[in-house]
Amino acid sequence: MTSMPRWVRASAASTACLLLTAGLGTAAEATPAPGARWVVTATGPDGPVFTSVTATSGAGAQRQVRGATTAERDLRVSATDLPKPRQWALNRLQFDKAWSVTQGDGVVVGVIDSGVDAAHPDLAGRVLKGATFLGAGYTSHQGQTDVAGHGTHVAGIVAASPHSPTGVSGGAPAARILPVRVLDDEGSGWGSDVARGIVWAVDHGAQVLNLSFGSTTPSRAVQAAVAHARARGVLVVAAGGNDGRDGPISYPATYPGVLSVGAVDPGDAVVPFSTTNPYIGIAAPGESVLSTVPVKVDPSRLAERSGTSMAAPYVAAAAALVLAARPTLTGAEVAARLQETAQDLGPLGRDDMYGAGLLDPARALGVFAPALPPRLGSPSGLQFSEQADGSTVLSWTPVPDAHSYAVLLEGLPLNLESEEGGDPVYVLRGSSARFPAFPRGLPVPLQVVAVDALGLWSPPSAVHKALVDVPLVPAPQRLTGHSPGSRTMRLAWTPVRMRGLAGYWILRNGEQYDLVEPDVTTYVDSVATRETEAPVDGRRYSYRVVAMTDDGISDPTAAVDLRSFTPWRTSPPDVVARTVGQAAVVRWAGPVPGQTGWRVYVDGRLKHVLKLSTRSIGITHRGGHTVTVVRLRKASDQGPGRTVRVTVPG
């Protein structure tokens with residue numbers, strides 16, 4: 001294989017991998033070498049359209065395509081497969097039990113890979129006419145050839161016939177393979193071809209997509225293609241990556257809605273090469289997997305390979321079985337079913353090594369459990385108390401049939417120690433948890449979930465904000481605030497006079513929002529001062545301030561509630577006044593679009609809030625008066641007013 005810069009690695013450890021090469025670029029990057037290849041994404045009537053062009057910059061590439069939305073340097077892909085030292089995976093997953101329900105009859109699985117050898121005897125009659133995307137103008141063979149062997153190996157794991165001459169079987173032998181070839185005879189191709197291949201497969205009937213490749217560099221084109229699949233209800237299964245424990249993020253496995261797969265060995269242990277990361281959704285066999293290859297790759301037409309590339313198609317096959325039994329399910333619902341019925345391995349509940357657990361096709365089809373047990377109810381009655389030894393305890397009302405519990409801080413499980421001691425774990429038995437330390441005086445948002453014997457979580461409890469041991473620090477006084485417009489909030493308070501003052505915490509809507517210096521007694525929250533989390537037009541916010549020392553913080557001030565708005569800068573109405581007997585009448589012009597009412601100020605004080613249909617008021621109090629009329633758009637959003645002087649005789 002020719003040497004080239006790397007981008008993606010097909011998820012086969014040492015033995016089967018795809019490499020997408022070249023760096024990711026944008027129109028804002030430094031200009032690449034003249035004649036560089038770019039992929040331009042545009043929005044078509046049926047989804048994203050990807051076009052490859054030659055240009056010296058991203059902007060130049062976009063100018064060549066009508067309706068272009070993004071342009072990025074196209075990515076080079078390559079695949080290399082080295083066979084590794086018999087069919088154990090199919091037996092471990094007990095696919096034969098699932099076949100008592102269905103073998104995946106009629107479900108179409110799109111294999112986006114190096115093509116599929118349609119002449120292989122184990123795949124005879126199962127490979128549809130697909131497509132080949134190998135750069136501009138190369139679309140022959142309809143995806144039914146495979147020199148590299150990677151795509152044929154993946155297809156055999158999905159749908160090889162159990163009655164074939166070689167005797168191997170796929171997990172869904174009655175499913176059909178839609179081959180989409182994006183790698184050439186040397187195992188190389190472009191990221192733009194991958195994106196085009198995904199969209200083509202979705203638009204030509206694929207119900208499940210298998211993507212056995214990955215990259216540590218994201219591609220907007222590939223992500224857009226994956227989003228197109230999700231929008232059409234297609235399940236996208238992707239290899240989780242072969243970078244080992246705590247390896248880097250792998251794309252497209254981490255894209256939203258993708259069911260990413262980790263690899264296990266015959267002993268159910270996660271293989272060392274399998275990436276462990278929060279995006280891992282489920283696990284399947286991925287070491288020494290026996291499957292089909294073209295005769296030019298191996299005269300026996302079989303080979304053993306390892307990698308998450310091999311684990312992913314087992315999940316795609318199980319998805320085909322579920323869809324054959326329940327054809328009305330969406331891809332997201334199939335993914336949820338596979339994860340809910342997985343065998344929990346490792347720590348109870350979801351973890352970064354196995355995801356939801358080991359794939360269990362039979363249970364997903366209801367062979368062993370026709371109906372899933374009802375999910376446990378949420379824990380309730382959370383209480384937080386400080387102990388004599390300085391530690392704190394969170395307790396709750398036990399949930400019937402709960403196997404254990406997990407305590408969540410901001411939605412993530414805390415690494416707590418079990419009552420028996422030992423290494424930290426994510427779950428606790430009993431109905432309380434002890435914390436050796438927490439930030440003093442700060443509201444800590446905690447939740448608890450109940451975990452059943454299968455490792456499934458209940459819905460989380462309501463948030464309990466525990467406040468630990470507030471030291472005697474004087475609180476700021478006389479907090480005031482106002483919103484002058486332009487989505488700006490201004491706060492002011494009397495400073496705290498004490499030694500060791502470290503500053504003030506600004507609390508917004510009950511959460512810690514910003515820390516300011518001890519000499520600051522005014523605070524501005526606006527788009528200009530805070531580029532993120534800026535106030536939103538029309539939304540109400542509640543502010544409090546606490547003083548902080550190295551030993552703790554004060555009680556919060558009383559809340560100041562403010563509403564953010566952008567001033568309405570329309571012209572004021574025409575206002576006229578005249579005397580009628582012993583009174584005066586003030587009239588003004590009609591409303592404008594978007595207006596909701598009027599405000600009338602007399603001598604600087606608000607006297608009237610009027611409907612749109614009202615356009616005059618009377619004044620009977622003798623003497624001279626100043627009257628100001630303003631248009632009102634929202635409850636706290638008014639335009640500039642117009643003022644007149646009027647004198648009531650008498």
# chains A, B, ... in the order shown; residues from 1 in each chain; ligands from 1
>>> residues_around(residues="A:Val576", least_positions_apart="2", cutoff="10 Å", atoms="only C-alpha atoms", output="PDB file with N, CA and C atoms, in the first residue's frame")
ATOM      1  N   PRO A 573     -45.153  58.283  19.592  1.00  0.00           N
ATOM      2  CA  PRO A 573     -46.371  58.742  18.920  1.00  0.00           C
ATOM      3  C   PRO A 573     -46.484  60.270  18.960  1.00  0.00           C
ATOM      4  N   ASP A 574     -47.265  60.832  18.050  1.00  0.00           N
ATOM      5  CA  ASP A 574     -47.593  62.253  18.089  1.00  0.00           C
ATOM      6  C   ASP A 574     -48.580  62.496  19.223  1.00  0.00           C
ATOM      7  N   ARG A 578     -55.193  69.801  24.616  1.00  0.00           N
ATOM      8  CA  ARG A 578     -56.004  71.024  24.521  1.00  0.00           C
ATOM      9  C   ARG A 578     -56.926  71.088  25.725  1.00  0.00           C
ATOM     10  N   VAL A 585     -57.571  67.584  27.738  1.00  0.00           N
ATOM     11  CA  VAL A 585     -57.591  66.288  27.042  1.00  0.00           C
ATOM     12  C   VAL A 585     -56.264  66.126  26.292  1.00  0.00           C
ATOM     13  N   VAL A 586     -55.644  64.951  26.485  1.00  0.00           N
ATOM     14  CA  VAL A 586     -54.397  64.613  25.789  1.00  0.00           C
ATOM     15  C   VAL A 586     -54.706  63.482  24.812  1.00  0.00           C
ATOM     16  N   ARG A 587     -54.399  63.686  23.536  1.00  0.00           N
ATOM     17  CA  ARG A 587     -54.636  62.677  22.499  1.00  0.00           C
ATOM     18  C   ARG A 587     -53.303  62.343  21.808  1.00  0.00           C
ATOM     19  N   TRP A 588     -53.279  61.116  21.186  1.00  0.00           N
ATOM     20  CA  TRP A 588     -52.067  60.708  20.479  1.00  0.00           C
ATOM     21  C   TRP A 588     -52.412  59.811  19.295  1.00  0.00           C
ATOM     22  N   ALA A 589     -51.410  59.573  18.449  1.00  0.00           N
ATOM     23  CA  ALA A 589     -51.613  58.805  17.217  1.00  0.00           C
ATOM     24  C   ALA A 589     -51.779  57.312  17.524  1.00  0.00           C
ATOM     25  N   SER A 616     -56.623  58.519  24.253  1.00  0.00           N
ATOM     26  CA  SER A 616     -56.742  59.830  24.900  1.00  0.00           C
ATOM     27  C   SER A 616     -56.998  59.629  26.380  1.00  0.00           C
ATOM     28  N   VAL A 627     -47.144  65.485  30.663  1.00  0.00           N
ATOM     29  CA  VAL A 627     -47.724  64.187  30.283  1.00  0.00           C
ATOM     30  C   VAL A 627     -46.805  63.535  29.245  1.00  0.00           C
ATOM     31  N   ARG A 642     -43.043  60.520  24.231  1.00  0.00           N
ATOM     32  CA  ARG A 642     -43.158  61.908  23.778  1.00  0.00           C
ATOM     33  C   ARG A 642     -43.918  62.686  24.849  1.00  0.00           C
ATOM     34  N   THR A 643     -43.422  63.850  25.214  1.00  0.00           N
ATOM     35  CA  THR A 643     -43.943  64.606  26.350  1.00  0.00           C
ATOM     36  C   THR A 643     -44.582  65.927  25.875  1.00  0.00           C
ATOM     37  N   VAL A 644     -45.714  66.287  26.526  1.00  0.00           N
ATOM     38  CA  VAL A 644     -46.353  67.588  26.278  1.00  0.00           C
ATOM     39  C   VAL A 644     -46.654  68.240  27.622  1.00  0.00           C
ATOM     40  N   ARG A 645     -46.755  69.563  27.584  1.00  0.00           N
ATOM     41  CA  ARG A 645     -47.187  70.329  28.770  1.00  0.00           C
ATOM     42  C   ARG A 645     -48.643  70.728  28.584  1.00  0.00           C
ATOM     43  N   VAL A 646     -49.418  70.630  29.685  1.00  0.00           N
ATOM     44  CA  VAL A 646     -50.834  70.995  29.631  1.00  0.00           C
ATOM     45  C   VAL A 646     -51.185  71.721  30.923  1.00  0.00           C
TER      46      VAL A 646
END
>>> select_by_dssp(residues="stretch 194-358 of chain A", states="strand (DSSP E)", output="PyMOL selection string")
chain A and resi 208-211+214-215+235-239+259-264+280-285+289-292+302-305
>>> residues_around(residues="stretch 252-254 of chain A", least_positions_apart="6", cutoff="6 Å", atoms="only C-alpha atoms", output="PDB file with N, CA, C and O atoms, in the first residue's frame")
ATOM      1  N   ALA A 238     -21.546   2.096  14.515  1.00  0.00           N
ATOM      2  CA  ALA A 238     -20.163   2.437  14.192  1.00  0.00           C
ATOM      3  C   ALA A 238     -19.201   1.760  15.150  1.00  0.00           C
ATOM      4  O   ALA A 238     -19.515   1.557  16.331  1.00  0.00           O
ATOM      5  N   GLY A 240     -16.243   1.524  17.687  1.00  0.00           N
ATOM      6  CA  GLY A 240     -15.892   2.478  18.726  1.00  0.00           C
ATOM      7  C   GLY A 240     -14.467   2.976  18.691  1.00  0.00           C
ATOM      8  O   GLY A 240     -14.162   3.995  19.291  1.00  0.00           O
ATOM      9  N   SER A 260     -22.364   3.228  19.087  1.00  0.00           N
ATOM     10  CA  SER A 260     -20.956   2.866  18.954  1.00  0.00           C
ATOM     11  C   SER A 260     -20.679   1.582  19.726  1.00  0.00           C
ATOM     12  O   SER A 260     -21.273   1.318  20.769  1.00  0.00           O
ATOM     13  N   TYR A 279     -18.766   7.617  25.027  1.00  0.00           N
ATOM     14  CA  TYR A 279     -19.689   7.429  23.912  1.00  0.00           C
ATOM     15  C   TYR A 279     -19.915   5.953  23.560  1.00  0.00           C
ATOM     16  O   TYR A 279     -20.756   5.637  22.718  1.00  0.00           O
TER      17      TYR A 279
END
>>> residues_around(residues="A:Val393", least_positions_apart="5", cutoff="6 Å", atoms="only C-alpha atoms", output="mmCIF file with C-alpha atoms, in the first residue's frame")
data_model
loop_
_atom_site.group_PDB
_atom_site.id
_atom_site.type_symbol
_atom_site.label_atom_id
_atom_site.label_comp_id
_atom_site.auth_asym_id
_atom_site.auth_seq_id
_atom_site.Cartn_x
_atom_site.Cartn_y
_atom_site.Cartn_z
ATOM 1 C CA PHE A 384 -28.624 15.859 53.748
ATOM 2 C CA SER A 385 -27.131 16.026 57.254
ATOM 3 C CA ALA A 433 -24.260 7.681 51.182
ATOM 4 C CA ARG A 434 -21.504 9.276 53.248
#
>>> atom_distance(atom1="atom CA of A:Leu446", atom2="atom CA of A:Thr341")
28.0 Å
>>> closest_residue(among="A:Ser378, A:Gln207, A:Gln94, A:Thr145", to="A:Trp457", atoms="only C-alpha atoms")
A:Ser378
>>> residues_around(residues="A:Arg544", least_positions_apart="4", cutoff="7 Å", atoms="only C-alpha atoms", output="list in words")
Ile506, Leu507, Arg508, Pro556, Thr557, Ala558, Ala559 and Val560 of chain A
>>> atom_distance(atom1="atom CA of A:Ser458", atom2="atom CA of A:Ala312")
27.9 Å
>>> residues_around(residues="A:Pro179", least_positions_apart="2", cutoff="7 Å", atoms="only C-alpha atoms", output="number ranges by chain")
A: 110-112, 115-116, 128, 130-131, 143-144, 177, 181
>>> select_by_dssp(residues="stretch 184-323 of chain A", states="alpha helix (DSSP H)", output="PDB file with N, CA, C and O atoms, in the first residue's frame")
ATOM      1  N   GLY A 191     -12.962  11.002   2.192  1.00  0.00           N
ATOM      2  CA  GLY A 191     -14.056  11.245   3.125  1.00  0.00           C
ATOM      3  C   GLY A 191     -15.316  11.719   2.428  1.00  0.00           C
ATOM      4  O   GLY A 191     -16.436  11.411   2.849  1.00  0.00           O
ATOM      5  N   SER A 192     -15.168  12.465   1.343  1.00  0.00           N
ATOM      6  CA  SER A 192     -16.344  12.908   0.598  1.00  0.00           C
ATOM      7  C   SER A 192     -17.092  11.717   0.024  1.00  0.00           C
ATOM      8  O   SER A 192     -18.324  11.705  -0.047  1.00  0.00           O
ATOM      9  N   ASP A 193     -16.343  10.673  -0.408  1.00  0.00           N
ATOM     10  CA  ASP A 193     -16.999   9.468  -0.916  1.00  0.00           C
ATOM     11  C   ASP A 193     -17.745   8.744   0.203  1.00  0.00           C
ATOM     12  O   ASP A 193     -18.823   8.181  -0.012  1.00  0.00           O
ATOM     13  N   VAL A 194     -17.159   8.755   1.411  1.00  0.00           N
ATOM     14  CA  VAL A 194     -17.853   8.157   2.553  1.00  0.00           C
ATOM     15  C   VAL A 194     -19.183   8.859   2.802  1.00  0.00           C
ATOM     16  O   VAL A 194     -20.223   8.224   2.975  1.00  0.00           O
ATOM     17  N   ALA A 195     -19.169  10.195   2.805  1.00  0.00           N
ATOM     18  CA  ALA A 195     -20.400  10.949   3.035  1.00  0.00           C
ATOM     19  C   ALA A 195     -21.425  10.676   1.944  1.00  0.00           C
ATOM     20  O   ALA A 195     -22.611  10.447   2.220  1.00  0.00           O
ATOM     21  N   ARG A 196     -20.983  10.672   0.679  1.00  0.00           N
ATOM     22  CA  ARG A 196     -21.907  10.396  -0.418  1.00  0.00           C
ATOM     23  C   ARG A 196     -22.460   8.980  -0.320  1.00  0.00           C
ATOM     24  O   ARG A 196     -23.634   8.733  -0.610  1.00  0.00           O
ATOM     25  N   GLY A 197     -21.600   8.045   0.073  1.00  0.00           N
ATOM     26  CA  GLY A 197     -22.047   6.663   0.189  1.00  0.00           C
ATOM     27  C   GLY A 197     -23.107   6.474   1.252  1.00  0.00           C
ATOM     28  O   GLY A 197     -24.070   5.709   1.072  1.00  0.00           O
ATOM     29  N   ILE A 198     -22.963   7.163   2.394  1.00  0.00           N
ATOM     30  CA  ILE A 198     -23.969   7.064   3.458  1.00  0.00           C
ATOM     31  C   ILE A 198     -25.315   7.577   2.968  1.00  0.00           C
ATOM     32  O   ILE A 198     -26.354   6.925   3.135  1.00  0.00           O
ATOM     33  N   VAL A 199     -25.315   8.763   2.351  1.00  0.00           N
ATOM     34  CA  VAL A 199     -26.578   9.339   1.867  1.00  0.00           C
ATOM     35  C   VAL A 199     -27.207   8.444   0.804  1.00  0.00           C
ATOM     36  O   VAL A 199     -28.423   8.215   0.795  1.00  0.00           O
ATOM     37  N   TRP A 200     -26.374   7.914  -0.107  1.00  0.00           N
ATOM     38  CA  TRP A 200     -26.910   7.032  -1.153  1.00  0.00           C
ATOM     39  C   TRP A 200     -27.555   5.798  -0.539  1.00  0.00           C
ATOM     40  O   TRP A 200     -28.650   5.382  -0.954  1.00  0.00           O
ATOM     41  N   ALA A 201     -26.907   5.177   0.427  1.00  0.00           N
ATOM     42  CA  ALA A 201     -27.452   3.965   1.046  1.00  0.00           C
ATOM     43  C   ALA A 201     -28.787   4.254   1.730  1.00  0.00           C
ATOM     44  O   ALA A 201     -29.742   3.470   1.613  1.00  0.00           O
ATOM     45  N   VAL A 202     -28.880   5.374   2.432  1.00  0.00           N
ATOM     46  CA  VAL A 202     -30.135   5.736   3.093  1.00  0.00           C
ATOM     47  C   VAL A 202     -31.243   5.950   2.069  1.00  0.00           C
ATOM     48  O   VAL A 202     -32.371   5.465   2.232  1.00  0.00           O
ATOM     49  N   ASP A 203     -30.916   6.652   0.994  1.00  0.00           N
ATOM     50  CA  ASP A 203     -31.924   6.957  -0.019  1.00  0.00           C
ATOM     51  C   ASP A 203     -32.282   5.761  -0.891  1.00  0.00           C
ATOM     52  O   ASP A 203     -33.216   5.839  -1.696  1.00  0.00           O
ATOM     53  N   ARG A 220     -17.214  17.422   8.977  1.00  0.00           N
ATOM     54  CA  ARG A 220     -18.566  17.977   8.909  1.00  0.00           C
ATOM     55  C   ARG A 220     -19.383  17.283   7.833  1.00  0.00           C
ATOM     56  O   ARG A 220     -20.593  17.104   7.982  1.00  0.00           O
ATOM     57  N   ALA A 221     -18.749  16.879   6.731  1.00  0.00           N
ATOM     58  CA  ALA A 221     -19.475  16.206   5.661  1.00  0.00           C
ATOM     59  C   ALA A 221     -20.011  14.855   6.141  1.00  0.00           C
ATOM     60  O   ALA A 221     -21.179  14.524   5.930  1.00  0.00           O
ATOM     61  N   VAL A 222     -19.161  14.059   6.787  1.00  0.00           N
ATOM     62  CA  VAL A 222     -19.604  12.755   7.282  1.00  0.00           C
ATOM     63  C   VAL A 222     -20.666  12.927   8.369  1.00  0.00           C
ATOM     64  O   VAL A 222     -21.659  12.191   8.421  1.00  0.00           O
ATOM     65  N   GLN A 223     -20.490  13.913   9.237  1.00  0.00           N
ATOM     66  CA  GLN A 223     -21.490  14.148  10.286  1.00  0.00           C
ATOM     67  C   GLN A 223     -22.833  14.541   9.673  1.00  0.00           C
ATOM     68  O   GLN A 223     -23.890  14.108  10.137  1.00  0.00           O
ATOM     69  N   ALA A 224     -22.817  15.357   8.624  1.00  0.00           N
ATOM     70  CA  ALA A 224     -24.068  15.734   7.965  1.00  0.00           C
ATOM     71  C   ALA A 224     -24.742  14.519   7.344  1.00  0.00           C
ATOM     72  O   ALA A 224     -25.972  14.389   7.376  1.00  0.00           O
ATOM     73  N   ALA A 225     -23.946  13.620   6.775  1.00  0.00           N
ATOM     74  CA  ALA A 225     -24.514  12.405   6.197  1.00  0.00           C
ATOM     75  C   ALA A 225     -25.132  11.518   7.280  1.00  0.00           C
ATOM     76  O   ALA A 225     -26.207  10.938   7.092  1.00  0.00           O
ATOM     77  N   VAL A 226     -24.452  11.400   8.416  1.00  0.00           N
ATOM     78  CA  VAL A 226     -25.000  10.618   9.532  1.00  0.00           C
ATOM     79  C   VAL A 226     -26.305  11.240  10.036  1.00  0.00           C
ATOM     80  O   VAL A 226     -27.278  10.538  10.325  1.00  0.00           O
ATOM     81  N   ALA A 227     -26.342  12.560  10.136  1.00  0.00           N
ATOM     82  CA  ALA A 227     -27.567  13.231  10.566  1.00  0.00           C
ATOM     83  C   ALA A 227     -28.707  12.971   9.583  1.00  0.00           C
ATOM     84  O   ALA A 227     -29.873  12.823   9.981  1.00  0.00           O
ATOM     85  N   HIS A 228     -28.403  12.915   8.291  1.00  0.00           N
ATOM     86  CA  HIS A 228     -29.412  12.595   7.274  1.00  0.00           C
ATOM     87  C   HIS A 228     -29.980  11.199   7.520  1.00  0.00           C
ATOM     88  O   HIS A 228     -31.200  10.981   7.416  1.00  0.00           O
ATOM     89  N   ALA A 229     -29.104  10.246   7.853  1.00  0.00           N
ATOM     90  CA  ALA A 229     -29.570   8.886   8.144  1.00  0.00           C
ATOM     91  C   ALA A 229     -30.486   8.869   9.359  1.00  0.00           C
ATOM     92  O   ALA A 229     -31.553   8.230   9.356  1.00  0.00           O
ATOM     93  N   ARG A 230     -30.079   9.547  10.417  1.00  0.00           N
ATOM     94  CA  ARG A 230     -30.894   9.585  11.626  1.00  0.00           C
ATOM     95  C   ARG A 230     -32.260  10.203  11.354  1.00  0.00           C
ATOM     96  O   ARG A 230     -33.277   9.736  11.858  1.00  0.00           O
ATOM     97  N   ALA A 231     -32.284  11.281  10.543  1.00  0.00           N
ATOM     98  CA  ALA A 231     -33.549  11.944  10.240  1.00  0.00           C
ATOM     99  C   ALA A 231     -34.493  11.031   9.482  1.00  0.00           C
ATOM    100  O   ALA A 231     -35.720  11.188   9.569  1.00  0.00           O
ATOM    101  N   THR A 308     -12.710  -3.465  16.637  1.00  0.00           N
ATOM    102  CA  THR A 308     -14.100  -3.032  16.790  1.00  0.00           C
ATOM    103  C   THR A 308     -14.809  -2.997  15.440  1.00  0.00           C
ATOM    104  O   THR A 308     -16.040  -2.932  15.382  1.00  0.00           O
ATOM    105  N   SER A 309     -14.036  -3.062  14.335  1.00  0.00           N
ATOM    106  CA  SER A 309     -14.632  -3.246  13.010  1.00  0.00           C
ATOM    107  C   SER A 309     -15.434  -4.538  12.950  1.00  0.00           C
ATOM    108  O   SER A 309     -16.430  -4.633  12.237  1.00  0.00           O
ATOM    109  N   MET A 310     -14.983  -5.567  13.659  1.00  0.00           N
ATOM    110  CA  MET A 310     -15.669  -6.848  13.664  1.00  0.00           C
ATOM    111  C   MET A 310     -16.806  -6.874  14.685  1.00  0.00           C
ATOM    112  O   MET A 310     -17.799  -7.585  14.519  1.00  0.00           O
ATOM    113  N   ALA A 311     -16.687  -6.086  15.751  1.00  0.00           N
ATOM    114  CA  ALA A 311     -17.745  -6.042  16.770  1.00  0.00           C
ATOM    115  C   ALA A 311     -18.986  -5.322  16.253  1.00  0.00           C
ATOM    116  O   ALA A 311     -20.125  -5.739  16.511  1.00  0.00           O
ATOM    117  N   ALA A 312     -18.798  -4.231  15.506  1.00  0.00           N
ATOM    118  CA  ALA A 312     -19.930  -3.426  15.041  1.00  0.00           C
ATOM    119  C   ALA A 312     -20.924  -4.223  14.207  1.00  0.00           C
ATOM    120  O   ALA A 312     -22.139  -4.120  14.410  1.00  0.00           O
ATOM    121  N   PRO A 313     -20.490  -5.064  13.220  1.00  0.00           N
ATOM    122  CA  PRO A 313     -21.487  -5.772  12.412  1.00  0.00           C
ATOM    123  C   PRO A 313     -22.317  -6.789  13.193  1.00  0.00           C
ATOM    124  O   PRO A 313     -23.424  -7.133  12.756  1.00  0.00           O
ATOM    125  N   TYR A 314     -21.829  -7.296  14.330  1.00  0.00           N
ATOM    126  CA  TYR A 314     -22.699  -8.145  15.157  1.00  0.00           C
ATOM    127  C   TYR A 314     -23.882  -7.331  15.677  1.00  0.00           C
ATOM    128  O   TYR A 314     -25.021  -7.813  15.738  1.00  0.00           O
ATOM    129  N   VAL A 315     -23.630  -6.090  16.051  1.00  0.00           N
ATOM    130  CA  VAL A 315     -24.719  -5.225  16.513  1.00  0.00           C
ATOM    131  C   VAL A 315     -25.648  -4.884  15.353  1.00  0.00           C
ATOM    132  O   VAL A 315     -26.873  -4.869  15.504  1.00  0.00           O
ATOM    133  N   ALA A 316     -25.075  -4.630  14.165  1.00  0.00           N
ATOM    134  CA  ALA A 316     -25.910  -4.366  12.994  1.00  0.00           C
ATOM    135  C   ALA A 316     -26.791  -5.570  12.670  1.00  0.00           C
ATOM    136  O   ALA A 316     -27.965  -5.418  12.288  1.00  0.00           O
ATOM    137  N   ALA A 317     -26.251  -6.788  12.814  1.00  0.00           N
ATOM    138  CA  ALA A 317     -27.038  -8.000  12.569  1.00  0.00           C
ATOM    139  C   ALA A 317     -28.181  -8.128  13.576  1.00  0.00           C
ATOM    140  O   ALA A 317     -29.322  -8.445  13.211  1.00  0.00           O
ATOM    141  N   ALA A 318     -27.897  -7.884  14.856  1.00  0.00           N
ATOM    142  CA  ALA A 318     -28.951  -7.948  15.874  1.00  0.00           C
ATOM    143  C   ALA A 318     -30.030  -6.903  15.600  1.00  0.00           C
ATOM    144  O   ALA A 318     -31.225  -7.150  15.790  1.00  0.00           O
ATOM    145  N   ALA A 319     -29.616  -5.722  15.146  1.00  0.00           N
ATOM    146  CA  ALA A 319     -30.594  -4.692  14.795  1.00  0.00           C
ATOM    147  C   ALA A 319     -31.487  -5.164  13.659  1.00  0.00           C
ATOM    148  O   ALA A 319     -32.703  -4.893  13.649  1.00  0.00           O
ATOM    149  N   ALA A 320     -30.914  -5.875  12.681  1.00  0.00           N
ATOM    150  CA  ALA A 320     -31.719  -6.406  11.580  1.00  0.00           C
ATOM    151  C   ALA A 320     -32.746  -7.409  12.088  1.00  0.00           C
ATOM    152  O   ALA A 320     -33.893  -7.451  11.603  1.00  0.00           O
ATOM    153  N   LEU A 321     -32.388  -8.234  13.067  1.00  0.00           N
ATOM    154  CA  LEU A 321     -33.347  -9.181  13.644  1.00  0.00           C
ATOM    155  C   LEU A 321     -34.507  -8.444  14.313  1.00  0.00           C
ATOM    156  O   LEU A 321     -35.677  -8.795  14.138  1.00  0.00           O
ATOM    157  N   VAL A 322     -34.184  -7.410  15.096  1.00  0.00           N
ATOM    158  CA  VAL A 322     -35.235  -6.657  15.789  1.00  0.00           C
ATOM    159  C   VAL A 322     -36.154  -5.972  14.781  1.00  0.00           C
ATOM    160  O   VAL A 322     -37.376  -5.978  14.923  1.00  0.00           O
ATOM    161  N   LEU A 323     -35.582  -5.396  13.727  1.00  0.00           N
ATOM    162  CA  LEU A 323     -36.408  -4.725  12.720  1.00  0.00           C
ATOM    163  C   LEU A 323     -37.274  -5.707  11.955  1.00  0.00           C
ATOM    164  O   LEU A 323     -38.397  -5.378  11.553  1.00  0.00           O
TER     165      LEU A 323
END
>>> residues_around(residues="A:Pro272", least_positions_apart="3", cutoff="10 Å", atoms="only C-alpha atoms", output="ChimeraX atom specification")
/A:13,242-245,263-265,269,275-276
>>> closest_residue(among="A:Ala206, A:Ala325, A:Leu382, A:Ile617", to="A:Ala98", atoms="only C-alpha atoms")
A:Ala325
>>> closest_residue(among="A:His403, A:Arg176, A:His150, A:His163", to="A:Ser212", atoms="only C-alpha atoms")
A:His150
>>> decode(residues="stretch 495-502 of chain A", atoms="N, CA, C and O atoms", output="short mmCIF file (atom, residue, chain, number, x, y, z; two decimals), in the first residue's frame")
data_model
loop_
_atom_site.label_atom_id
_atom_site.label_comp_id
_atom_site.auth_asym_id
_atom_site.auth_seq_id
_atom_site.Cartn_x
_atom_site.Cartn_y
_atom_site.Cartn_z
N PRO A 495 -20.65 46.76 50.37
CA PRO A 495 -19.53 45.83 50.54
C PRO A 495 -19.49 45.22 51.94
O PRO A 495 -20.00 45.79 52.90
N VAL A 496 -18.87 44.06 52.04
CA VAL A 496 -18.65 43.38 53.31
C VAL A 496 -17.29 43.83 53.85
O VAL A 496 -16.28 43.76 53.15
N ARG A 497 -17.28 44.30 55.09
CA ARG A 497 -16.03 44.79 55.71
C ARG A 497 -15.50 43.72 56.66
O ARG A 497 -16.00 43.54 57.76
N MET A 498 -14.55 42.94 56.21
CA MET A 498 -13.94 41.94 57.08
C MET A 498 -12.61 41.50 56.47
O MET A 498 -12.39 41.59 55.26
N ARG A 499 -11.71 41.06 57.37
CA ARG A 499 -10.43 40.56 56.90
C ARG A 499 -10.62 39.20 56.23
O ARG A 499 -11.48 38.42 56.60
N GLY A 500 -9.78 38.93 55.26
CA GLY A 500 -9.82 37.62 54.60
C GLY A 500 -10.89 37.48 53.56
O GLY A 500 -11.11 36.36 53.06
N LEU A 501 -11.60 38.59 53.21
CA LEU A 501 -12.63 38.49 52.19
C LEU A 501 -11.98 38.13 50.85
O LEU A 501 -11.10 38.84 50.36
N ALA A 502 -12.40 37.02 50.25
CA ALA A 502 -11.81 36.55 49.00
C ALA A 502 -12.58 37.02 47.78
O ALA A 502 -12.07 36.94 46.66
#
